Amino acid sequence: MKKLFASLGLMFALLSPGLTLAQDAAAPVEEAVMAETTAVEAAAPMAEAAPAEAAPEAAAPVPDKGDTTWMMVSTLIVIMMTIPGLALFYGGLARTKNMLSILTQVLATFCLISILWAVYGYSLAFGDGGGLNWAIGDLSKLFLAGITPDSTAATFTDGVVIPEFVFVAFQLTFAAITVALIFGGLAERVKFSALMVFGVLWFTFSYLPITHMVWATGGYLFEKGALDFAGGTVVHINSGIAALVGAIVLGKRVGFGRDAMPPHNLAMTMIGASLLWVGWFGFNAGSNLEANGGTTLAFINTILAPAAAGMSWMLAEWMLRGKPSMLGLASGVVAGLVVVTPAAGLVGPMGAIILGLIGGVVCLWGVTGLKKLHGFDDSLDVFGIHCVGGIVGAIGTGVFVSTALGGVGVDGYTMGGQVLTQATGVLVTLVWSGVVSLVAFKLVDMTMGLRVSEEQEREGLDTASHGERAYNP
């Protein structure tokens, strides 16, 4: 009878003038039905008369404007740390006759890798590679297919997203600076054309797989739990070992160990180092992919670690050589930036300071004692700062991520287990990049030659390779 009254009431409500039927898809609606000839009130729930419609699916997350703006700013300042930051830092360290060649190499590399990243790099780095997903992605986003202004990429917080184009651009800058870093080890004697061809090969077969293994879901090191917040393995160890292999394959510069080869403009080197430091805030704090408390942790650590490393390098050099040098101070700052990169958003501020203090001294040894011990000509000390510093930072992250030491902690953490995982990441990167670099350098050398002639080297690559000079009389 209850259902009968509800049905009759519904019919009267639909036919009676002046009465309306209110519907709400989110909850059952109760309809009061008035009969014109009686004062009887039917209060049966509408849900009994007719089932309510299913609630619509929750709307997709919308990118936060603040997060989006922060990521765009981070991307811009990472571009600044590459051009002009890295260009001036490297250029000032070179001799006058090679200054313009360094600037050209850095700028051309940024342009080259930007195009390759959009064509296939992003897809292979962050796509799902199926059976090969442990090492590389797929080509589903070749030429950035399927990405629109409305596409989103997830951040580290559930339900928080940013526009995918911003993520594509941000990761592009990492790829570009990593390839450009290598060329510091080959400076003043390498063919420009050979450098560009090597850059394509190394980017494709070393940078993209290492990036996927470390940062992409399903990647070998990602699934093992290796921690690399902003690129200690992906950027610094990866490029640093490649620079060492290249320096060995190329051989020493004419006059190395016999002629003085001082930096031609330390003022430019200091300006370049300062631009690198500023840009590194985008590099490290931007790697949090959103603007929140974790971002501020990476931000403060990007101040403290390089400050500590700059001081430890300067003081150690002061004790060893009797005077503190500006070059040593600037190099120490860069070493501290490298060391804190894998740890930036994972360790506490005191952990960052300790990593910086250790990194400054160890990297000083890397560019002096280790370099002299083996006698290789790494022109601008890429291996001693980036590879050695990256190793210190990667292993140190496994220690100082501990909550007992002020870190953020990770699930199932044990210090010994995490350090072993970090060491695995270091070893995989060294071997993979080392082998790819050796093969790529040898292929380029056999087909087109890596090195300029002795006459061109003595003349300087500014005029020999580019037909112009950084400085005209």
# chains A, B, ... in the order shown; residues from 1 in each chain; ligands from 1

call {"tool": "residues_around", "arguments": {"residues": "A:Ser402", "least_positions_apart": "5", "cutoff": "9 Å", "atoms": "only C-alpha atoms", "output": "list of chain:residue names"}}
result
A:Leu346, A:Val347, A:Thr397, A:Gly407, A:Val408, A:Gly409, A:Val410, A:Tyr413, A:Thr414, A:Met415

call {"tool": "residues_around", "arguments": {"residues": "A:Arg189", "least_positions_apart": "5", "cutoff": "9 Å", "atoms": "only C-alpha atoms", "output": "count of residues only"}}
result
13

call {"tool": "select_by_dssp", "arguments": {"residues": "stretch 116-276 of chain A", "states": "alpha helix (DSSP H)", "output": "ChimeraX atom specification"}}
result
/A:116,122-126,164-182,192-202,208-215,220-224,238-250,266-276

call {"tool": "residues_around", "arguments": {"residues": "A:Gly129", "least_positions_apart": "2", "cutoff": "10 Å", "atoms": "only C-alpha atoms", "output": "CSV table (one decimal) with N, CA and C atoms, in the first residue's frame"}}
result
chain,number,residue,atom,x,y,z
A,123,SER,N,59.2,10.6,-24.8
A,123,SER,CA,58.4,9.3,-24.9
A,123,SER,C,59.3,8.1,-24.4
A,124,LEU,N,60.5,8.1,-24.8
A,124,LEU,CA,61.3,6.9,-24.4
A,124,LEU,C,61.7,7.0,-22.9
A,125,ALA,N,61.9,8.2,-22.4
A,125,ALA,CA,62.3,8.4,-21.0
A,125,ALA,C,61.2,8.1,-20.0
A,126,PHE,N,59.9,8.5,-20.3
A,126,PHE,CA,58.8,8.3,-19.4
A,126,PHE,C,57.7,7.5,-19.9
A,127,GLY,N,57.8,6.9,-21.0
A,127,GLY,CA,56.7,6.0,-21.5
A,127,GLY,C,56.8,4.6,-20.9
A,131,GLY,N,57.7,-5.0,-22.3
A,131,GLY,CA,58.7,-5.9,-21.8
A,131,GLY,C,60.0,-5.3,-21.5
A,132,LEU,N,60.3,-4.2,-22.1
A,132,LEU,CA,61.6,-3.5,-21.9
A,132,LEU,C,61.5,-2.4,-20.9
A,133,ASN,N,60.3,-2.3,-20.2
A,133,ASN,CA,60.1,-1.2,-19.3
A,133,ASN,C,61.1,-1.0,-18.2
A,134,TRP,N,61.8,-2.1,-17.9
A,134,TRP,CA,62.9,-2.0,-16.8
A,134,TRP,C,64.0,-1.0,-17.3
A,135,ALA,N,64.1,-0.8,-18.6
A,135,ALA,CA,65.2,-0.1,-19.1
A,135,ALA,C,64.9,1.1,-20.0
A,136,ILE,N,63.7,1.1,-20.6
A,136,ILE,CA,63.4,2.2,-21.6
A,136,ILE,C,61.9,2.2,-21.8
A,137,GLY,N,61.4,3.4,-22.2
A,137,GLY,CA,60.0,3.6,-22.5
A,137,GLY,C,59.6,3.2,-23.9
A,138,ASP,N,58.5,3.6,-24.3
A,138,ASP,CA,58.0,3.3,-25.7
A,138,ASP,C,57.9,4.6,-26.5
A,139,LEU,N,57.4,4.5,-27.7
A,139,LEU,CA,57.3,5.6,-28.6
A,139,LEU,C,55.8,6.1,-28.8
A,140,SER,N,55.0,5.8,-27.7
A,140,SER,CA,53.6,6.2,-27.8
A,140,SER,C,53.4,7.7,-27.9
A,212,HIS,N,65.0,6.7,-17.5
A,212,HIS,CA,63.9,5.8,-17.3
A,212,HIS,C,64.1,4.8,-16.1
A,218,GLY,N,58.3,1.4,-13.1
A,218,GLY,CA,58.7,0.2,-13.8
A,218,GLY,C,60.2,0.1,-14.1
A,219,GLY,N,60.9,1.3,-14.0
A,219,GLY,CA,62.3,1.3,-14.2
A,219,GLY,C,63.1,0.5,-13.2

call {"tool": "residues_around", "arguments": {"residues": "A:Thr178", "least_positions_apart": "2", "cutoff": "9 Å", "atoms": "only C-alpha atoms", "output": "short mmCIF file (atom, residue, chain, number, x, y, z; two decimals) with C-alpha atoms, in the first residue's frame"}}
result
data_model
loop_
_atom_site.label_atom_id
_atom_site.label_comp_id
_atom_site.auth_asym_id
_atom_site.auth_seq_id
_atom_site.Cartn_x
_atom_site.Cartn_y
_atom_site.Cartn_z
CA THR A 173 66.25 21.20 -19.44
CA PHE A 174 67.75 18.32 -17.43
CA ALA A 175 68.53 16.39 -20.60
CA ALA A 176 70.14 19.41 -22.25
CA ALA A 180 76.46 19.86 -22.21
CA LEU A 181 78.28 18.96 -18.96
CA ILE A 182 80.21 16.19 -20.73
CA PHE A 203 71.56 11.15 -25.32
CA TYR A 207 70.69 9.50 -20.91
CA VAL A 234 70.80 10.66 -13.90
CA VAL A 235 72.72 13.90 -14.45
CA HIS A 236 76.04 14.02 -12.61
CA ASN A 238 76.02 9.84 -15.90
CA SER A 239 77.77 12.83 -17.49
#

call {"tool": "residues_around", "arguments": {"residues": "A:Gly91", "least_positions_apart": "4", "cutoff": "7 Å", "atoms": "only C-alpha atoms", "output": "VMD selection string"}}
result
chain A and resid 87 99 102 to 103

call {"tool": "residues_around", "arguments": {"residues": "A:Val160", "least_positions_apart": "4", "cutoff": "10 Å", "atoms": "only C-alpha atoms", "output": "PyMOL selection string"}}
result
chain A and resi 61-64+67+152-156+289-290

call {"tool": "write_last_selection", "arguments": {"atoms": "C-alpha atoms", "output": "mmCIF file, in the first residue's frame"}}
result
data_model
loop_
_atom_site.group_PDB
_atom_site.id
_atom_site.type_symbol
_atom_site.label_atom_id
_atom_site.label_comp_id
_atom_site.auth_asym_id
_atom_site.auth_seq_id
_atom_site.Cartn_x
_atom_site.Cartn_y
_atom_site.Cartn_z
ATOM 1 C CA PRO A 61 42.082 16.893 -10.883
ATOM 2 C CA VAL A 62 42.699 20.408 -12.160
ATOM 3 C CA PRO A 63 46.271 21.761 -12.116
ATOM 4 C CA ASP A 64 46.868 24.281 -9.361
ATOM 5 C CA ASP A 67 52.174 24.749 -8.752
ATOM 6 C CA THR A 152 48.271 16.530 -16.964
ATOM 7 C CA ALA A 153 51.167 14.834 -15.215
ATOM 8 C CA ALA A 154 50.986 13.588 -11.645
ATOM 9 C CA THR A 155 53.187 14.990 -8.893
ATOM 10 C CA PHE A 156 54.341 13.217 -5.733
ATOM 11 C CA LEU A 289 57.030 19.121 -8.991
ATOM 12 C CA GLU A 290 54.788 21.259 -6.786
#

call {"tool": "closest_residue", "arguments": {"among": "A:Thr109, A:Ile354, A:Val388, A:Leu297", "to": "A:Leu370", "atoms": "only C-alpha atoms"}}
result
A:Val388

call {"tool": "closest_atom_pairs", "arguments": {"of": "stretch 188-292 of chain A", "to": "stretch 306-315 of chain A", "cutoff": "12 Å", "atoms": "only C-alpha atoms", "output": "Markdown table"}}
result
| residue | atom | partner | partner_atom | distance |
| --- | --- | --- | --- | --- |
| A:Ala273 | CA | A:Pro306 | CA | 10.9 |
| A:Ser274 | CA | A:Pro306 | CA | 11.0 |
| A:Leu276 | CA | A:Pro306 | CA | 11.1 |
| A:Trp277 | CA | A:Pro306 | CA | 8.2 |
| A:Val278 | CA | A:Pro306 | CA | 11.3 |
| A:Trp280 | CA | A:Pro306 | CA | 10.4 |
| A:Phe281 | CA | A:Pro306 | CA | 11.6 |

call {"tool": "closest_residue", "arguments": {"among": "A:Leu244, A:Val392, A:Leu86, A:Val431", "to": "A:Ser379", "atoms": "only C-alpha atoms"}}
result
A:Leu244

call {"tool": "atom_distance", "arguments": {"atom1": "atom CA of A:Ile77", "atom2": "atom CA of A:Gly286"}}
result
9.8 Å

call {"tool": "residues_around", "arguments": {"residues": "A:Gly257", "least_positions_apart": "5", "cutoff": "12 Å", "atoms": "only C-alpha atoms", "output": "list in words"}}
result
Lys252, Pro262, Lys371, Lys372, Gly375, Phe376, Asp377 and Ser379 of chain A

call {"tool": "write_last_selection", "arguments": {"atoms": "N, CA and C atoms", "output": "PDB file, in the first residue's frame"}}
result
ATOM      1  N   LYS A 252      95.473  13.651 -24.360  1.00  0.00           N
ATOM      2  CA  LYS A 252      95.765  14.922 -23.701  1.00  0.00           C
ATOM      3  C   LYS A 252      95.923  16.056 -24.701  1.00  0.00           C
ATOM      4  N   PRO A 262      96.281  28.159 -17.642  1.00  0.00           N
ATOM      5  CA  PRO A 262      95.397  28.734 -16.616  1.00  0.00           C
ATOM      6  C   PRO A 262      94.077  29.204 -17.216  1.00  0.00           C
ATOM      7  N   LYS A 371      93.244  13.008 -10.187  1.00  0.00           N
ATOM      8  CA  LYS A 371      93.593  13.368 -11.564  1.00  0.00           C
ATOM      9  C   LYS A 371      95.082  13.174 -11.829  1.00  0.00           C
ATOM     10  N   LYS A 372      95.908  13.589 -10.879  1.00  0.00           N
ATOM     11  CA  LYS A 372      97.353  13.407 -11.043  1.00  0.00           C
ATOM     12  C   LYS A 372      97.745  11.942 -10.977  1.00  0.00           C
ATOM     13  N   GLY A 375      96.617  10.641 -14.404  1.00  0.00           N
ATOM     14  CA  GLY A 375      97.204  11.392 -15.508  1.00  0.00           C
ATOM     15  C   GLY A 375      96.280  11.701 -16.672  1.00  0.00           C
ATOM     16  N   PHE A 376      94.981  11.646 -16.491  1.00  0.00           N
ATOM     17  CA  PHE A 376      94.072  11.956 -17.602  1.00  0.00           C
ATOM     18  C   PHE A 376      93.873  13.464 -17.700  1.00  0.00           C
ATOM     19  N   ASP A 377      93.518  13.929 -18.891  1.00  0.00           N
ATOM     20  CA  ASP A 377      93.340  15.356 -19.131  1.00  0.00           C
ATOM     21  C   ASP A 377      91.845  15.677 -19.250  1.00  0.00           C
ATOM     22  N   SER A 379      89.709  18.349 -19.111  1.00  0.00           N
ATOM     23  CA  SER A 379      90.043  19.771 -19.234  1.00  0.00           C
ATOM     24  C   SER A 379      89.461  20.649 -18.146  1.00  0.00           C
TER      25      SER A 379
END

call {"tool": "closest_residue", "arguments": {"among": "A:Met350, A:Arg469, A:Thr429, A:Phe143", "to": "A:Ala404", "atoms": "only C-alpha atoms"}}
result
A:Met350

call {"tool": "closest_residue", "arguments": {"among": "A:Val340, A:Ala352, A:Ala330, A:Trp318", "to": "A:Ala267", "atoms": "only C-alpha atoms"}}
result
A:Ala330
